[in-house]
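K.L.:
Compact mmCIF, C-alpha atoms, saved as work-v1.txt, coming up:
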```
# COMPACT_ATOMS: atom_id res chain seq x y z
CA MET A 1 58.91 -31.55 47.60
CA ILE A 2 57.74 -30.56 44.13
CA ASN A 3 58.05 -26.92 43.21
CA TYR A 4 54.47 -26.11 42.22
CA ARG A 5 55.53 -23.08 40.18
CA HIS A 6 57.61 -25.40 38.00
CA LEU A 7 54.68 -27.80 37.78
CA TYR A 8 52.30 -24.97 36.86
CA TYR A 9 54.52 -23.76 34.00
CA PHE A 10 54.77 -27.34 32.72
CA TRP A 11 50.98 -27.71 32.94
CA VAL A 12 50.45 -24.55 30.88
CA VAL A 13 52.96 -25.74 28.26
CA GLY A 14 51.14 -29.06 28.06
CA LYS A 15 47.78 -27.34 27.63
CA GLU A 16 49.08 -24.85 25.04
CA GLY A 17 51.22 -27.37 23.16
CA GLY A 18 54.32 -25.20 23.02
CA PHE A 19 56.67 -22.88 24.92
CA SER A 20 55.86 -19.74 22.93
CA ARG A 21 52.10 -20.00 23.41
CA ALA A 22 52.62 -20.82 27.09
CA ALA A 23 54.87 -17.79 27.50
CA ASP A 24 52.23 -15.55 25.89
CA ARG A 25 49.56 -16.90 28.25
CA LEU A 26 51.79 -16.49 31.30
CA GLY A 27 53.15 -13.11 30.26
CA VAL A 28 56.79 -14.12 30.68
CA ALA A 29 59.74 -14.82 28.39
CA VAL A 30 60.05 -18.16 26.58
CA GLN A 31 63.41 -18.70 28.30
CA THR A 32 61.73 -18.41 31.69
CA VAL A 33 59.14 -21.06 30.82
CA SER A 34 61.81 -23.36 29.41
CA ALA A 35 63.95 -22.99 32.53
CA GLN A 36 61.02 -23.76 34.83
CA VAL A 37 60.09 -26.93 32.93
CA ARG A 38 63.72 -28.05 32.76
CA ALA A 39 63.99 -27.63 36.54
CA LEU A 40 60.90 -29.81 37.01
CA GLU A 41 62.32 -32.52 34.75
CA GLU A 42 65.56 -32.48 36.72
CA SER A 43 63.73 -32.80 40.03
CA LEU A 44 61.64 -35.73 38.73
CA GLY A 45 64.56 -37.34 36.94
CA CYS A 46 62.88 -37.85 33.56
CA GLN A 47 61.94 -36.08 30.34
CA LEU A 48 58.37 -34.78 30.28
CA LEU A 49 58.24 -33.06 26.86
CA LYS A 50 59.55 -33.90 23.41
CA PRO A 51 59.64 -31.95 20.12
CA ALA A 52 56.58 -32.35 17.90
CA GLY A 53 56.46 -30.24 14.74
CA ARG A 54 56.53 -26.58 15.71
CA GLY A 55 55.54 -27.36 19.28
CA VAL A 56 56.05 -30.03 21.91
CA ALA A 57 54.25 -33.22 22.96
CA LEU A 58 54.07 -35.08 26.23
CA THR A 59 56.23 -38.14 26.82
CA ASP A 60 54.65 -41.11 28.61
CA ALA A 61 56.04 -39.77 31.88
CA GLY A 62 54.83 -36.31 30.89
CA LYS A 63 51.29 -37.62 30.39
CA THR A 64 51.24 -38.98 33.92
CA ALA A 65 52.61 -35.71 35.32
CA PHE A 66 50.15 -33.66 33.25
CA THR A 67 47.15 -35.71 34.45
CA ARG A 68 48.08 -35.12 38.08
CA ALA A 69 48.84 -31.46 37.45
CA GLU A 70 45.42 -31.10 35.82
CA GLU A 71 43.75 -32.48 38.96
CA ILE A 72 45.83 -30.27 41.26
CA PHE A 73 45.25 -26.99 39.45
CA GLN A 74 41.58 -27.64 38.74
CA LEU A 75 41.12 -28.14 42.48
CA GLY A 76 43.08 -24.94 43.05
CA GLN A 77 40.74 -23.05 40.74
CA ARG A 78 37.74 -24.20 42.80
CA LEU A 79 39.36 -23.45 46.15
CA PRO A 80 38.52 -19.71 46.45
CA GLN A 81 34.83 -20.25 45.72
CA GLU A 82 34.56 -23.17 48.15
CA VAL A 83 36.34 -21.22 50.89
CA LEU A 84 33.99 -18.26 50.42
CA GLN A 85 30.96 -20.56 50.52
CA THR A 86 32.15 -22.11 53.77
CA ALA A 87 32.91 -18.71 55.29
CA SER A 88 29.45 -17.42 54.42
CA ARG A 89 27.72 -20.64 55.53
CA PRO A 90 29.59 -22.28 58.42
CA VAL A 91 29.51 -26.07 58.21
CA VAL A 92 28.74 -28.18 61.28
CA ARG A 93 31.01 -31.22 60.99
CA LEU A 94 30.43 -34.48 62.82
CA ALA A 95 32.84 -37.38 62.28
CA VAL A 96 31.58 -40.73 63.60
CA GLY A 97 33.40 -44.05 63.71
CA LEU A 98 31.26 -47.18 63.33
CA SER A 99 32.95 -50.28 64.66
CA ASP A 100 32.82 -53.44 62.54
CA GLY A 101 29.82 -55.56 63.43
CA ILE A 102 27.67 -52.79 64.92
CA SER A 103 24.14 -52.72 63.54
CA LYS A 104 24.01 -49.99 60.90
CA LEU A 105 20.25 -49.80 61.41
CA ALA A 106 20.80 -49.05 65.10
CA ALA A 107 23.56 -46.57 64.23
CA HIS A 108 21.22 -44.73 61.86
CA ALA A 109 18.54 -44.61 64.53
CA LEU A 110 21.02 -43.15 67.04
CA LEU A 111 22.24 -40.49 64.63
CA LYS A 112 18.79 -39.64 63.28
CA PRO A 113 18.10 -36.83 65.83
CA VAL A 114 20.98 -34.74 64.43
CA LEU A 115 20.56 -35.48 60.72
CA THR A 116 18.35 -32.42 60.22
CA THR A 117 20.98 -30.05 61.66
CA PRO A 118 21.38 -27.08 59.27
CA ASN A 119 24.63 -27.19 57.27
CA LEU A 120 25.52 -30.60 58.68
CA HIS A 121 28.58 -32.32 57.21
CA LEU A 122 28.41 -35.92 58.47
CA VAL A 123 31.45 -38.15 57.98
CA CYS A 124 31.10 -41.84 58.86
CA HIS A 125 34.17 -44.07 59.14
CA GLU A 126 33.69 -47.83 59.38
CA GLY A 127 36.52 -49.98 60.64
CA GLU A 128 37.95 -52.23 63.31
CA PHE A 129 37.55 -51.25 66.94
CA ASP A 130 41.17 -50.58 67.95
CA PRO A 131 42.10 -48.36 64.96
CA LEU A 132 38.94 -46.32 65.50
CA LEU A 133 39.90 -45.74 69.13
CA GLY A 134 43.28 -44.55 67.88
CA GLU A 135 41.61 -42.09 65.52
CA LEU A 136 39.42 -40.90 68.39
CA THR A 137 42.36 -40.24 70.70
CA LEU A 138 44.05 -38.27 67.91
CA HIS A 139 40.87 -36.17 67.57
CA HIS A 140 40.38 -37.24 63.94
CA ILE A 141 36.82 -38.32 64.79
CA ASP A 142 34.36 -37.04 67.39
CA LEU A 143 32.49 -40.18 68.41
CA VAL A 144 32.76 -43.97 68.10
CA LEU A 145 29.71 -46.24 68.17
CA ALA A 146 30.68 -49.79 69.04
CA GLY A 147 29.35 -53.03 70.43
CA GLN A 148 31.75 -52.86 73.38
CA ALA A 149 33.12 -50.30 75.78
CA ALA A 150 36.65 -48.97 75.48
CA PRO A 151 39.21 -50.84 77.61
CA VAL A 152 40.28 -49.26 80.86
CA ASN A 153 43.43 -47.39 79.87
CA ALA A 154 44.48 -44.05 81.31
CA ASN A 155 46.46 -43.25 78.16
CA LEU A 156 43.35 -43.42 75.95
CA ARG A 157 41.56 -40.60 77.77
CA VAL A 158 38.17 -41.63 76.41
CA LYS A 159 34.80 -42.19 78.03
CA SER A 160 32.32 -44.97 77.26
CA GLU A 161 28.56 -44.88 77.81
CA LEU A 162 25.99 -47.57 77.12
CA LEU A 163 23.42 -46.03 74.79
CA VAL A 164 21.32 -49.03 73.80
CA SER A 165 20.62 -52.46 75.25
CA SER A 166 17.89 -53.72 73.02
CA PRO A 167 16.23 -57.15 72.72
CA ILE A 168 16.63 -58.94 69.40
CA ASP A 169 13.69 -59.60 67.09
CA TRP A 170 13.64 -61.70 63.94
CA PHE A 171 12.16 -60.46 60.66
CA GLY A 172 11.74 -61.94 57.22
CA PRO A 173 9.66 -61.91 54.03
CA SER A 174 6.19 -63.40 54.06
CA ALA A 175 7.45 -66.52 52.26
CA TRP A 176 9.41 -67.48 55.38
CA VAL A 177 7.17 -66.01 58.09
CA SER A 178 3.94 -68.00 58.16
CA LYS A 179 1.58 -68.53 61.08
CA LYS A 180 3.08 -71.97 61.68
CA GLN A 181 6.62 -70.63 61.75
CA VAL A 182 5.65 -67.87 64.18
CA GLN A 183 4.10 -70.49 66.47
CA THR A 184 7.18 -72.74 66.33
CA PHE A 185 9.78 -69.98 66.78
CA PRO A 186 12.68 -70.40 67.53
CA ALA A 187 12.73 -74.08 66.56
CA CYS A 188 11.73 -73.11 63.01
CA LEU A 189 15.14 -71.47 62.54
CA ALA A 190 16.55 -74.93 61.93
CA GLN A 191 14.35 -75.35 58.82
CA ILE A 192 13.95 -71.93 57.21
CA PRO A 193 16.88 -69.98 55.68
CA VAL A 194 18.67 -67.78 58.23
CA LEU A 195 20.87 -64.72 57.72
CA LEU A 196 23.34 -63.83 60.48
CA PRO A 197 25.92 -61.14 61.23
CA THR A 198 29.54 -62.21 60.74
CA GLY A 199 31.91 -63.03 63.56
CA HIS A 200 33.05 -59.38 63.68
CA SER A 201 29.82 -58.59 65.52
CA GLU A 202 29.36 -58.79 69.26
CA LEU A 203 25.78 -59.76 68.45
CA ARG A 204 26.94 -62.88 66.61
CA ALA A 205 28.64 -64.19 69.76
CA SER A 206 25.44 -63.60 71.72
CA LEU A 207 23.37 -65.37 69.08
CA ASP A 208 25.71 -68.36 69.00
CA ARG A 209 25.39 -68.73 72.78
CA TRP A 210 21.62 -68.45 72.47
CA PHE A 211 21.46 -71.14 69.78
CA ALA A 212 23.50 -73.45 72.00
CA GLU A 213 21.25 -72.71 74.98
CA ILE A 214 18.01 -73.46 73.10
CA ARG A 215 19.64 -76.37 71.20
CA VAL A 216 18.81 -75.11 67.73
CA GLN A 217 21.18 -75.48 64.78
CA PRO A 218 20.19 -72.59 62.48
CA ASN A 219 19.95 -73.11 58.72
CA VAL A 220 22.47 -70.36 57.87
CA VAL A 221 22.45 -69.34 54.20
CA GLY A 222 24.23 -65.99 54.49
CA GLU A 223 26.46 -63.90 56.74
CA PHE A 224 26.77 -60.11 56.56
CA GLU A 225 28.92 -57.45 58.21
CA ASP A 226 26.36 -54.75 57.38
CA SER A 227 22.96 -55.16 59.05
CA ALA A 228 21.29 -52.83 56.55
CA LEU A 229 22.59 -54.96 53.67
CA MET A 230 21.36 -58.07 55.47
CA ALA A 231 17.89 -56.51 55.72
CA VAL A 232 17.92 -55.73 52.00
CA PHE A 233 18.75 -59.35 51.10
CA ALA A 234 16.07 -60.58 53.51
CA ALA A 235 13.50 -58.30 51.87
CA GLN A 236 14.42 -59.86 48.53
CA GLY A 237 13.51 -63.30 49.89
CA LEU A 238 16.86 -64.77 50.92
CA GLY A 239 15.87 -65.54 54.50
CA VAL A 240 15.04 -64.28 57.99
CA PHE A 241 17.43 -62.15 60.03
CA PRO A 242 17.95 -60.79 63.57
CA VAL A 243 17.82 -57.09 64.34
CA SER A 244 17.67 -55.17 67.58
CA ARG A 245 14.21 -53.91 68.48
CA PHE A 246 15.73 -50.44 68.53
CA GLY A 247 17.06 -50.80 64.99
CA ALA A 248 13.96 -52.60 63.77
CA LEU A 249 12.20 -49.25 63.49
CA GLN A 250 14.26 -48.71 60.34
CA THR A 251 12.93 -51.91 58.71
CA ARG A 252 9.73 -50.03 57.93
CA LEU A 253 11.67 -48.65 55.00
CA LEU A 254 11.81 -52.17 53.54
CA LYS A 255 8.51 -53.48 52.27
CA GLY A 256 7.46 -57.10 52.76
CA LEU A 257 9.18 -57.80 56.07
CA ARG A 258 7.24 -59.43 58.90
CA ARG A 259 8.15 -60.13 62.51
CA LEU A 260 8.87 -63.80 63.14
CA GLY A 261 9.57 -63.66 66.87
CA GLY A 262 12.02 -62.57 69.52
CA ASP A 263 13.76 -63.48 72.74
CA ASP A 264 14.68 -60.87 75.35
CA ARG A 265 17.62 -63.03 76.49
CA VAL A 266 19.53 -61.93 73.39
CA ARG A 267 20.34 -58.24 73.33
CA GLU A 268 22.38 -55.89 71.21
CA GLU A 269 24.40 -53.28 73.06
CA VAL A 270 25.72 -50.08 71.52
CA PHE A 271 28.28 -47.95 73.35
CA ALA A 272 29.18 -44.34 72.65
CA ILE A 273 32.88 -43.66 73.10
CA ARG A 274 34.10 -40.07 73.04
CA ASN A 275 37.19 -38.08 73.87
CA ARG A 276 37.37 -34.82 75.82
CA ARG A 277 36.76 -32.75 72.72
CA GLY A 278 33.72 -34.88 71.92
CA GLU A 279 32.26 -33.95 75.29
CA GLN A 280 32.16 -30.36 74.06
CA HIS A 281 30.71 -31.16 70.62
CA PRO A 282 27.04 -30.09 70.58
CA LEU A 283 25.96 -32.80 68.15
CA VAL A 284 27.66 -35.54 70.17
CA SER A 285 25.78 -34.23 73.19
CA ASP A 286 22.52 -34.31 71.20
CA VAL A 287 23.08 -37.93 70.13
CA LEU A 288 23.66 -39.00 73.73
CA ALA A 289 20.80 -36.92 75.11
CA HIS A 290 18.25 -38.56 72.78
CA ALA A 291 19.54 -42.07 73.45
CA LEU A 292 20.05 -42.00 77.24
```
I need this file expressed as structure tokens, please.

P.N.:
Amino acid sequence: MINYRHLYYFWVVGKEGGFSRAADRLGVAVQTVSAQVRALEESLGCQLLKPAGRGVALTDAGKTAFTRAEEIFQLGQRLPQEVLQTASRPVVRLAVGLSDGISKLAAHALLKPVLTTPNLHLVCHEGEFDPLLGELTLHHIDLVLAGQAAPVNANLRVKSELLVSSPIDWFGPSAWVSKKQVQTFPACLAQIPVLLPTGHSELRASLDRWFAEIRVQPNVVGEFEDSALMAVFAAQGLGVFPVSRFGALQTRLLKGLRRLGGDDRVREEVFAIRNRRGEQHPLVSDVLAHAL
């Protein structure tokens, strides 16, 4: 472990450009400052300062150490004020894990009821399903939204609830959603450009089964892990895309999108997975209460 007193004395020497000026600023003897810096150099195993005229200059290693020390002690200077602000205005923290492939539009719609919570500090982690479950069991996050339930495992100590089972609709820009295309949906998906979620998504597997069932080979021009990003590219004219009817409410934010069609046989499911602590979290309870 680095001795931060040694690092602090080195940082002051680097800022002042010499031992004497650093000693004056610190209110200690020059020998004390020199000894502290020498101890730091010994612990790091390299020279950090070199003579330069009447003062000292940073070596290459010293420049690296000084840059990090600058970050550390600037953060330290802000710490008291930030702690006081938090103490005077308690923050309500909600950490949510979003599993790869889940519709971000649907996730936003599910979280929307708590977004106006005073002093909310929302932290969203996106990642693969299994690592997110691990973070949940370690209490690093409060809630996981995923396209599947958690496996039955007594060691996990988590609870899964189906929040959304929504039919899928198709949207696109006016250039690809004409009256004729609406009338020939879903066969038209073989001719017009189609955007799809990647294979990470549970929805993609459902869509592939649906395409096989209706015997349509879609004209795929793009694949996206993020449904919101897919909607943005669709709005810019790249193609049509599927979105759950629940999440489609968010497409109103994107001008120029029209509904092409839908099929209730294809559905997107979103599960809420929480640990025991999450059951006591008021915002987790609010999310579930508005969805169920």

K.L.:
Out of A:Arg5, A:Lys179, A:Lys50, A:Lys112, which residue has the shortest atom-to-atom distance to A:Gln36 when counting all atoms listed in the file?

P.N.:
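Among the listed residues, the smallest separation from A:Gln36 belongs to A:Arg5.
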
K.L.:
For A:Ser103, work out the shell of residues within 10 Å, counting only C-alpha atoms and skipping chain neighbours fewer than 6 positions away, then give it as a PyMOL selection string.

P.N.:
chain A and resi 109+145-147+197+201-203+225-228+243-244+247+268-270

K.L.:
Taking 6 positions as the minimum chain separation for residues in the same chain, which residues sit within 12 Å of A:Glu135 when counting only C-alpha atoms? Answer as a ChimeraX atom specification.

P.N.:
/A:95-99,125-129,141-144,156,158,273-275

K.L.:
Between atom CA of A:Val30 and atom CA of A:Ala61, what distance in Å does the model show, to one decimal?

P.N.:
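The value is 22.6 Å.
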
K.L.:
Leaving out A:Ala175 and any residue of its chain fewer than 3 positions from it, which residues lie within 10 Å of it when counting all atoms listed in the file, given as a PDB file with C-alpha atoms, in the coordinates of the input?

P.N.:
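Writing done, so here's part.pdb:
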```pdb
ATOM      1  CA  GLY A 172      11.740 -61.940  57.220  1.00  0.00           C
ATOM      2  CA  SER A 178       3.940 -68.000  58.160  1.00  0.00           C
ATOM      3  CA  ILE A 192      13.950 -71.930  57.210  1.00  0.00           C
ATOM      4  CA  GLY A 237      13.510 -63.300  49.890  1.00  0.00           C
ATOM      5  CA  LEU A 238      16.860 -64.770  50.920  1.00  0.00           C
ATOM      6  CA  GLY A 239      15.870 -65.540  54.500  1.00  0.00           C
ATOM      7  CA  VAL A 240      15.040 -64.280  57.990  1.00  0.00           C
ATOM      8  CA  GLY A 256       7.460 -57.100  52.760  1.00  0.00           C
ATOM      9  CA  LEU A 257       9.180 -57.800  56.070  1.00  0.00           C
ATOM     10  CA  ARG A 258       7.240 -59.430  58.900  1.00  0.00           C
TER      11      ARG A 258
END
```

K.L.:
Can you tell me which residues surround A:Gln31 at a distance of at most 12 Å, considering all atoms listed in the file, apart from same-chain residues fewer than 6 positions away, and format the answer as a PyMOL selection string?

P.N.:
chain A and resi 9+19-20+22-24+37-38

K.L.:
Find the residue from A:Ile214, A:Ala272, A:Val12, A:Leu94 that sits nearest to A:Val56; use all atoms listed in the file when measuring.

P.N.:
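For A:Val56, the nearest of the given residues is A:Val12.
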
K.L.:
Here is a test: counting only C-alpha atoms, which residue of A:Arg204, A:Lys104, A:Lys15, A:Arg215 is nearest to A:Ala231?

P.N.:
A:Lys104

K.L.:
Under the rule that all atoms listed in the file are counted, which of A:Asp130, A:Leu110, A:Gly62, A:Arg21 is the nearest residue to A:Glu41?

P.N.:
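So, comparing all the options, the nearest one is A:Gly62.
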
K.L.:
What does the distance from atom CA of A:Pro173 to atom CA of A:Pro193 come to in Å, to one decimal?

P.N.:
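For atom CA of A:Pro173 relative to atom CA of A:Pro193, the distance reads 11.0 Å.
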
K.L.:
Show me, as number ranges by chain, the residues that have an atom within 12 Å of A:His290 when counting all atoms listed in the file, minus same-chain residues fewer than 6 positions from it.

P.N.:
A: 109-114, 163-164, 283-284

K.L.:
With all atoms listed in the file as the basis for distance, which of A:Val83, A:Val28, A:Val91, A:Ala234 is at the shortest distance from A:Trp170?

P.N.:
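Answer, going by the shortest atom-to-atom distance: A:Ala234.
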
K.L.:
I'd like the interatomic distance between atom CA of A:Leu40 and atom CA of A:Ile2, to a tenth of an Å.

P.N.:
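Going from atom CA of A:Leu40 over to atom CA of A:Ile2 covers 7.8 Å.
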
K.L.:
For each of A:Phe171, A:Asp60, A:Asn3, A:Asn219, take the minimum atom-to-atom distance to A:Gln191, counting all atoms listed in the file, then give the residue where this is smallest.

P.N.:
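Selected residue with least distance to A:Gln191: A:Asn219.
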